[in-house]
Each structure stands twice: as C-alpha cells, then as structure tokens.
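As stored in final.cif (mmCIF, C-alpha atoms and all ligand atoms):
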data_input
#
loop_
_atom_site.label_atom_id
_atom_site.label_comp_id
_atom_site.auth_asym_id
_atom_site.auth_seq_id
_atom_site.Cartn_x
_atom_site.Cartn_y
_atom_site.Cartn_z
CA MET A 1 26.44 248.34 251.88
CA PRO A 2 25.43 252.01 251.98
CA LYS A 3 27.56 254.28 254.21
CA LEU A 4 25.65 255.12 257.35
CA THR A 5 27.53 258.28 258.22
CA GLY A 6 26.32 261.61 256.88
CA ILE A 7 22.62 260.68 256.93
CA LYS A 8 20.65 262.65 259.52
CA LYS A 9 18.70 259.86 261.25
CA ILE A 10 18.93 256.23 260.39
CA ASN A 11 15.64 254.38 259.88
CA ILE A 12 15.74 251.03 261.59
CA ALA A 13 13.44 248.03 261.40
CA VAL A 14 13.38 245.63 264.34
CA PHE A 15 12.49 241.97 263.75
CA ILE A 16 10.93 240.10 266.68
CA SER A 17 9.18 236.80 267.44
CA GLY A 18 8.44 237.02 271.16
CA ASN A 19 8.55 239.32 274.18
CA GLY A 20 10.30 242.17 272.39
CA SER A 21 12.12 243.51 275.44
CA ASN A 22 15.12 244.38 273.23
CA PHE A 23 12.74 246.07 270.79
CA LYS A 24 11.46 248.18 273.70
CA SER A 25 14.96 249.14 274.78
CA LEU A 26 15.84 250.21 271.22
CA ILE A 27 12.69 252.37 271.08
CA ILE A 28 13.43 254.02 274.45
CA ASN A 29 16.98 254.78 273.35
CA SER A 30 15.81 256.12 270.01
CA LEU A 31 13.75 258.73 271.87
CA LYS A 32 16.85 260.24 273.48
CA LYS A 33 17.86 263.63 272.12
CA LYS A 34 21.21 262.52 270.74
CA SER A 35 19.93 259.33 269.14
CA LYS A 36 21.02 258.77 265.56
CA TYR A 37 18.21 256.38 264.72
CA GLU A 38 14.48 256.13 264.57
CA VAL A 39 12.54 252.87 264.91
CA LYS A 40 10.36 253.02 261.79
CA LEU A 41 9.03 249.51 261.57
CA VAL A 42 8.67 246.29 263.51
CA ILE A 43 8.39 242.99 261.69
CA SER A 44 7.14 239.85 263.41
CA ASN A 45 6.60 236.35 262.10
CA LYS A 46 3.96 235.84 264.80
CA THR A 47 0.68 237.68 265.34
CA SER A 48 0.89 236.61 268.98
CA ALA A 49 4.34 238.11 269.67
CA LYS A 50 3.97 239.91 273.00
CA GLY A 51 6.44 242.57 271.91
CA LEU A 52 3.95 243.94 269.39
CA LYS A 53 2.35 245.82 272.30
CA TYR A 54 5.28 248.25 272.14
CA ALA A 55 4.41 249.03 268.52
CA ARG A 56 0.94 250.07 269.72
CA LYS A 57 2.29 251.97 272.72
CA PHE A 58 4.94 253.91 270.80
CA LYS A 59 2.97 254.16 267.54
CA ILE A 60 5.44 252.24 265.44
CA LYS A 61 4.33 250.70 262.18
CA LYS A 62 4.09 246.91 262.38
CA LYS A 63 4.03 244.20 259.77
CA ILE A 64 3.23 240.56 260.46
CA ILE A 65 4.92 238.21 258.03
CA ASN A 66 3.32 234.85 257.33
CA TYR A 67 6.17 232.35 257.15
CA LEU A 68 4.22 229.39 255.72
CA ASN A 69 6.19 229.94 252.55
CA LYS A 70 9.66 231.31 253.28
CA LYS A 71 10.25 232.64 249.74
CA ASP A 72 7.04 234.65 249.80
CA ALA A 73 7.75 235.81 253.34
CA GLU A 74 11.15 237.14 252.33
CA LYS A 75 9.71 238.84 249.24
CA THR A 76 7.28 240.70 251.49
CA ILE A 77 10.13 241.62 253.83
CA LEU A 78 12.08 243.16 250.95
CA VAL A 79 9.06 245.17 249.82
CA GLU A 80 8.36 246.45 253.34
CA LEU A 81 11.95 247.47 253.99
CA LYS A 82 12.09 249.35 250.72
CA LYS A 83 8.71 251.00 251.25
CA ASN A 84 9.76 252.23 254.68
CA LYS A 85 13.23 253.37 253.53
CA ILE A 86 14.97 251.20 256.11
CA ASP A 87 18.73 251.75 256.48
CA LEU A 88 19.47 249.15 259.15
CA VAL A 89 17.79 245.90 260.23
CA CYS A 90 18.05 244.86 263.90
CA LEU A 91 17.15 241.28 264.70
CA ALA A 92 15.95 241.06 268.30
CA GLY A 93 14.81 237.59 269.23
CA PHE A 94 13.67 236.88 265.66
CA MET A 95 13.50 233.11 265.49
CA LYS A 96 13.66 232.70 261.71
CA ILE A 97 16.89 232.37 259.79
CA LEU A 98 17.29 234.85 256.94
CA SER A 99 18.22 233.12 253.68
CA ASN A 100 21.50 233.98 251.98
CA ASN A 101 19.45 235.23 249.08
CA LEU A 102 17.67 237.78 251.31
CA ILE A 103 20.91 238.82 253.01
CA LYS A 104 22.45 239.49 249.59
CA LYS A 105 19.41 241.36 248.31
CA LEU A 106 19.02 243.59 251.34
CA LYS A 107 20.58 246.92 250.58
CA CYS A 108 21.19 247.66 254.22
CA GLN A 109 23.25 246.33 257.10
CA ILE A 110 21.76 243.66 259.34
CA VAL A 111 22.70 243.18 262.99
CA ASN A 112 21.63 240.63 265.58
CA ILE A 113 21.76 240.19 269.33
CA HIS A 114 22.66 236.73 270.54
CA PRO A 115 22.57 235.45 274.14
CA SER A 116 26.10 234.05 274.38
CA LEU A 117 29.71 235.07 274.13
CA LEU A 118 30.13 234.22 270.45
CA PRO A 119 31.78 232.29 268.89
CA LYS A 120 30.76 230.07 271.81
CA TYR A 121 27.23 228.67 271.85
CA LYS A 122 25.75 229.54 268.50
CA GLY A 123 22.11 228.52 268.04
CA LEU A 124 19.57 227.86 270.78
CA ASN A 125 19.54 227.09 274.55
CA THR A 126 22.76 229.00 275.00
CA HIS A 127 22.59 229.58 278.76
CA GLN A 128 21.60 225.99 279.58
CA ARG A 129 24.53 224.72 277.52
CA ALA A 130 26.90 227.16 279.28
CA LEU A 131 25.60 225.94 282.67
CA ASN A 132 25.93 222.28 281.66
CA ASN A 133 29.53 222.91 280.64
CA LYS A 134 30.26 224.63 283.98
CA GLU A 135 31.38 227.84 282.25
CA LYS A 136 32.45 230.74 284.45
CA TYR A 137 30.75 233.29 282.21
CA SER A 138 27.83 233.60 279.85
CA GLY A 139 26.87 236.86 278.18
CA CYS A 140 25.61 238.46 275.01
CA THR A 141 26.93 239.60 271.66
CA VAL A 142 25.79 242.08 269.03
CA HIS A 143 27.13 241.11 265.63
CA TYR A 144 26.63 241.67 261.93
CA VAL A 145 24.54 239.02 260.20
CA SER A 146 26.38 236.99 257.60
CA SER A 147 25.55 233.91 255.56
CA LYS A 148 26.67 231.62 258.43
CA LEU A 149 24.46 231.43 261.52
CA ASP A 150 25.68 233.60 264.44
CA SER A 151 29.07 234.02 262.77
CA GLY A 152 29.26 237.59 261.41
CA LYS A 153 31.72 240.21 262.66
CA ILE A 154 31.30 241.03 266.35
CA ILE A 155 30.38 244.62 267.22
CA LEU A 156 30.20 244.42 271.04
CA GLN A 157 30.01 241.80 273.77
CA LYS A 158 29.17 241.80 277.47
CA LYS A 159 30.27 239.08 279.87
CA VAL A 160 27.93 238.00 282.66
CA LYS A 161 29.30 235.96 285.55
CA ILE A 162 27.66 232.61 286.19
CA LEU A 163 26.90 232.38 289.91
CA LYS A 164 27.05 229.38 292.21
CA ASN A 165 23.72 227.48 292.02
CA ASP A 166 22.61 229.61 289.06
CA THR A 167 19.53 228.46 287.18
CA CYS A 168 18.88 228.90 283.49
CA ASP A 169 15.99 231.21 284.30
CA ARG A 170 17.99 233.48 286.60
CA LEU A 171 20.93 233.61 284.19
CA THR A 172 18.64 234.36 281.23
CA LYS A 173 17.12 237.30 283.12
CA ARG A 174 20.50 238.71 284.17
CA VAL A 175 21.88 238.46 280.64
CA LEU A 176 18.72 240.00 279.17
CA ARG A 177 19.20 243.07 281.38
CA GLN A 178 22.67 243.44 279.86
CA GLU A 179 21.29 242.93 276.35
CA HIS A 180 19.07 245.97 276.86
CA LEU A 181 22.16 248.09 277.49
CA LEU A 182 24.41 246.44 274.92
CA TYR A 183 22.17 246.72 271.83
CA PRO A 184 21.79 250.52 271.93
CA ARG A 185 25.51 250.85 272.68
CA ALA A 186 26.31 248.68 269.66
CA LEU A 187 24.12 250.85 267.43
CA ASN A 188 25.91 253.94 268.74
CA LYS A 189 29.20 252.26 267.94
CA ILE A 190 28.10 251.69 264.36
CA LEU A 191 26.42 255.03 263.85
CA PHE A 192 28.81 257.36 265.68
CA ASN A 193 31.90 255.25 265.09
CA LEU A 194 32.47 255.44 268.85
C1 LIG B 1 17.07 237.56 273.66
O1 LIG B 1 17.73 236.95 274.73
C2 LIG B 1 17.89 237.43 272.40
O2 LIG B 1 19.26 237.55 272.62
C3 LIG B 1 17.52 236.05 271.96
O3 LIG B 1 16.14 235.94 272.20
C4 LIG B 1 15.80 236.79 273.30
C5 LIG B 1 14.68 237.70 272.86
O4 LIG B 1 14.19 238.44 273.95
N1 LIG B 1 17.85 235.82 270.58
C6 LIG B 1 18.18 234.64 270.11
O5 LIG B 1 18.24 233.64 270.78
C7 LIG B 1 18.47 234.63 268.62
N2 LIG B 1 19.19 233.46 268.28
P1 LIG B 1 13.24 239.68 273.70
O6 LIG B 1 12.14 239.22 272.74
O7 LIG B 1 12.67 239.99 275.07
O8 LIG B 1 14.05 240.80 273.13
#
Take the structure in the file and give it back as structure tokens.
Ligand code: GAR
Amino acid sequence: MPKLTGIKKINIAVFISGNGSNFKSLIINSLKKKSKYEVKLVISNKTSAKGLKYARKFKIKKKIINYLNKKDAEKTILVELKKNKIDLVCLAGFMKILSNNLIKKLKCQIVNIHPSLLPKYKGLNTHQRALNNKEKYSGCTVHYVSSKLDSGKIILQKKVKILKNDTCDRLTKRVLRQEHLLYPRALNKILFNL
C-alpha cells in the first residue's frame, strides 16, 4: 500500500451502481477548501445508474464497466485506475464484489461504506434483518476492503436508533443521511490521521 501522507491531493475513484447519493456527498466535500482529495473518476457497472448525473453536473470523468465477463471487467478497472493515477478507491453502493485477484493487484487502498454496524449484518437487506431481529440500533460503517466480504478493518461507524414502528424505508433514509456525513469523515480520518 502506498503511504497517503505527504501527497498534496489524493485522487479518488468512486464506484457506484445506483443512486450515487454517497458519491454526491464525497464530491461536495472534496470541493471544500481544506479537502485532501479530489474525485477524479466514477466507475459504474450500470449505464442506468442514476448517480451518473453527478458526474455530468460536476464534470467528473466517468467509465461504465461491462460486467458480462468479470475478468475483462476487472482488467478494464485496473487500466482505468492506473490511467487516472488513482490513489484511493471508494466503493459507494457498488453492487459487485471485487475479486481477491483485483484487490491484490490494486496498488491503492480500497474503502467501502456498508449500511450496518459491522460485523453485524454483512451482505444485503441489512436494515430489514435488523428490524426483524428487533435490534435497538442499526447504522453504517466505513471500512477497508479485504478479501472477505464486509470484513476489513473498520475506520468509522455511526449508530442510528431504531424507532418504534420503524419501517425499512424510513430507517434506510435515516441511515443514508448519516452515511453522507460518515464517509467524508472517514476519508479525513485516513488522510489527515485525525
Ligand atoms: C448505501 O446505503 C450503501 O451503504 C449501500 O448501498 C447504498 C447506496 O446508496 N451499500 C451496500 O449495500 C454495499 N453492500 P447511494 O447509491 O445513494 O450512495
């Protein structure tokens, strides 16, 4: 892993598959004066990902990756990251699992945001499972990506209280609002060693 300190601004690539609201929050935070990173590239496995509108709005380079063949897709990812001198990859609602081979080959750190208080509720449908289990809290976690799904070292977490009569939809929205604050904070933690 290259050391991130000492470099002026870190080039980040954000990987998305859907709405891209976390992508947007990373862009907005990157525009702040003291920001240590610049969003250089967005990668999506879907042409229809709604979040791609933020690439147009904020003039960020985008690359759509065809995932019909995963090996080819990951080869293209490697080329794009190298071409754009990416120092840090941020997964933000990217619904493809990176192979161990790609994780090893990537010369940069990879982080992910996950909608649960890891190590609880890895995988999908996290809030519904938390509701079904009558948990008191759900939340979100930013963590390093490792070879095991949703299991890398935790950088930051935020708890969100589950309310009486909560629905999955309402809980998802409340946690998402916290994700938008947590992801930039987690990047600051990595980049400033805060
Ligand atoms: C977010 O809640 C993110 O934590 C989750 O997908 C949503 C994407 O929203 N990620 C995962 O579930 C990854 N396993 P967004 O596209 O609006 O940022």
Can you check which parts of chain A lie within 7 Å of ligand LIG 1 (chain B)? Per residue, the shortest pair of atoms and distance in Å to one decimal, counting all atoms listed in the file, sorted by chain and number, as a Markdown table.
| residue | atom | partner | partner_atom | distance |
| --- | --- | --- | --- | --- |
| A:Ile16 | CA | B:LIG1 | O6 | 6.2 |
| A:Ser17 | CA | B:LIG1 | O6 | 6.5 |
| A:Gly18 | CA | B:LIG1 | O6 | 4.6 |
| A:Asn19 | CA | B:LIG1 | O6 | 3.9 |
| A:Gly20 | CA | B:LIG1 | O6 | 3.5 |
| A:Ser21 | CA | B:LIG1 | O7 | 3.6 |
| A:Asn22 | CA | B:LIG1 | O8 | 3.7 |
| A:Phe23 | CA | B:LIG1 | O8 | 5.9 |
| A:Gly51 | CA | B:LIG1 | O6 | 6.7 |
| A:Ala92 | CA | B:LIG1 | O8 | 5.2 |
| A:Gly93 | CA | B:LIG1 | C5 | 3.6 |
| A:Phe94 | CA | B:LIG1 | C7 | 6.1 |
| A:Met95 | CA | B:LIG1 | C7 | 6.1 |
| A:Ile113 | CA | B:LIG1 | O2 | 4.9 |
| A:His114 | CA | B:LIG1 | O2 | 4.1 |
| A:Pro115 | CA | B:LIG1 | O2 | 4.2 |
| A:Gly123 | CA | B:LIG1 | N2 | 5.7 |
| A:Leu124 | CA | B:LIG1 | O5 | 5.9 |
| A:Cys140 | CA | B:LIG1 | O2 | 6.8 |
| A:Leu176 | CA | B:LIG1 | O1 | 5.5 |
| A:Glu179 | CA | B:LIG1 | O2 | 6.9 |
(request) Name all residues at most 12 Å from Asn132 in chain A (count all atoms listed in the file; drop same-chain ones fewer than 2 positions away) and give them as an MDAnalysis selection string. (result) chainID A and resid 121 125:130 134:136 138 162 165:168
(request) Kindly indicate which residue among A:Leu31, A:Leu98, A:Ile86, A:Leu131 lies nearest to Lys164 in chain A, using only C-alpha atoms for the distances. (result)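 When distances to Lys164 in chain A are compared using only C-alpha atoms, the smallest one comes from A:Leu131.
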(request) For Lys158 in chain A, please output as an NGL selection string all residues within 8 Å (counting all atoms listed in the file; exclusion window: fewer than 4 positions along the same chain). (result) :A and (117 or 139-141 or 178 or 182)
(request) Work out how far CA of Cys108 in chain A is from CA of Gly152 in chain A, in Å to one decimal. (result)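 Computing it gives 14.8 Å between the two atoms.
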(request) To one decimal in Å, tell me the separation between CA of Ile28 in chain A and CA of Lys122 in chain A. (result)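 Going from CA of Ile28 in chain A over to CA of Lys122 in chain A covers 28.0 Å.
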(message) What does the structure give for the distance between CA of Val89 in chain A and CA of Phe15 in chain A, in Å to one decimal?
(response)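 For CA of Val89 in chain A relative to CA of Phe15 in chain A, the distance reads 7.5 Å.
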(request) Have a look at A:Lys161, A:Lys148, A:Lys62, A:Lys104 and name the one nearest to Pro119 in chain A; count only C-alpha atoms. (result)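 Of A:Lys161, A:Lys148, A:Lys62, A:Lys104, the one nearest Pro119 in chain A, counting only C-alpha atoms, is A:Lys148.
The residue that comes closest to Lys159 in chain A, out of A:Ala186, A:Val79, A:Ile65, A:Leu118 and on the basis of all atoms listed in the file, is A:Leu118.
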(request) Extract, using all atoms listed in the file, all DNA, RNA and protein residues at most 10 Å from Lys71 in chain A, discarding same-chain residues fewer than 4 positions from it, and format them as a ChimeraX atom specification. (result) /A:67,75-77,99,101-102
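With all atoms listed in the file as the atoms that count, the minimum distance from Phe192 in chain A to the choices A:Lys8, A:Lys36, A:Lys173, A:Lys153 is reached by A:Lys36.
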(message) Nearest residue to Lys105 in chain A out of A:Asn133, A:Thr172, A:Ala49, A:Glu74, using only C-alpha atoms?
(response)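 Nearest to Lys105 in chain A: A:Glu74.
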Assuming the input is short of atoms at range 153-175 of chain A, produce N, CA and C atoms for that part as a compact mmCIF listing (two decimals), in the coordinates of the input.
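Here's the written file out_0.txt:
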# COMPACT_ATOMS: atom_id res chain seq x y z
N LYS A 153 30.75 239.42 261.87
CA LYS A 153 31.72 240.21 262.66
C LYS A 153 31.07 240.74 263.95
N ILE A 154 31.82 240.59 265.05
CA ILE A 154 31.30 241.03 266.35
C ILE A 154 31.44 242.54 266.51
N ILE A 155 30.36 243.17 266.98
CA ILE A 155 30.38 244.62 267.22
C ILE A 155 30.69 244.89 268.70
N LEU A 156 29.95 244.27 269.59
CA LEU A 156 30.20 244.42 271.04
C LEU A 156 29.76 243.16 271.78
N GLN A 157 30.40 242.92 272.91
CA GLN A 157 30.01 241.80 273.77
C GLN A 157 29.99 242.24 275.22
N LYS A 158 29.17 241.56 276.03
CA LYS A 158 29.17 241.80 277.47
C LYS A 158 29.19 240.46 278.19
N LYS A 159 30.18 240.32 279.08
CA LYS A 159 30.27 239.08 279.87
C LYS A 159 29.33 239.16 281.06
N VAL A 160 28.74 238.06 281.43
CA VAL A 160 27.93 238.00 282.66
C VAL A 160 28.40 236.79 283.45
N LYS A 161 28.75 237.03 284.72
CA LYS A 161 29.30 235.96 285.55
C LYS A 161 28.21 234.92 285.87
N ILE A 162 28.58 233.67 285.77
CA ILE A 162 27.66 232.61 286.19
C ILE A 162 27.88 232.38 287.69
N LEU A 163 26.79 232.46 288.46
CA LEU A 163 26.90 232.38 289.91
C LEU A 163 26.76 230.93 290.38
N LYS A 164 27.21 230.69 291.60
CA LYS A 164 27.05 229.38 292.21
C LYS A 164 25.55 229.07 292.29
N ASN A 165 25.14 227.89 291.99
CA ASN A 165 23.72 227.48 292.02
C ASN A 165 22.83 228.29 291.09
N ASP A 166 23.41 228.85 290.03
CA ASP A 166 22.61 229.61 289.06
C ASP A 166 21.62 228.68 288.37
N THR A 167 20.47 229.24 288.00
CA THR A 167 19.53 228.46 287.18
C THR A 167 19.48 229.13 285.81
N CYS A 168 18.97 228.38 284.85
CA CYS A 168 18.88 228.90 283.49
C CYS A 168 18.00 230.16 283.48
N ASP A 169 16.93 230.10 284.25
CA ASP A 169 15.99 231.21 284.30
C ASP A 169 16.64 232.48 284.85
N ARG A 170 17.35 232.31 285.97
CA ARG A 170 17.99 233.48 286.60
C ARG A 170 19.08 234.05 285.69
N LEU A 171 19.85 233.17 285.08
CA LEU A 171 20.93 233.61 284.19
C LEU A 171 20.35 234.33 282.97
N THR A 172 19.28 233.75 282.40
CA THR A 172 18.64 234.36 281.23
C THR A 172 18.22 235.79 281.55
N LYS A 173 17.61 235.96 282.73
CA LYS A 173 17.12 237.30 283.12
C LYS A 173 18.28 238.27 283.30
N ARG A 174 19.36 237.81 283.95
CA ARG A 174 20.50 238.71 284.17
C ARG A 174 21.16 239.10 282.86
N VAL A 175 21.25 238.14 281.93
CA VAL A 175 21.88 238.46 280.64
C VAL A 175 20.96 239.40 279.85
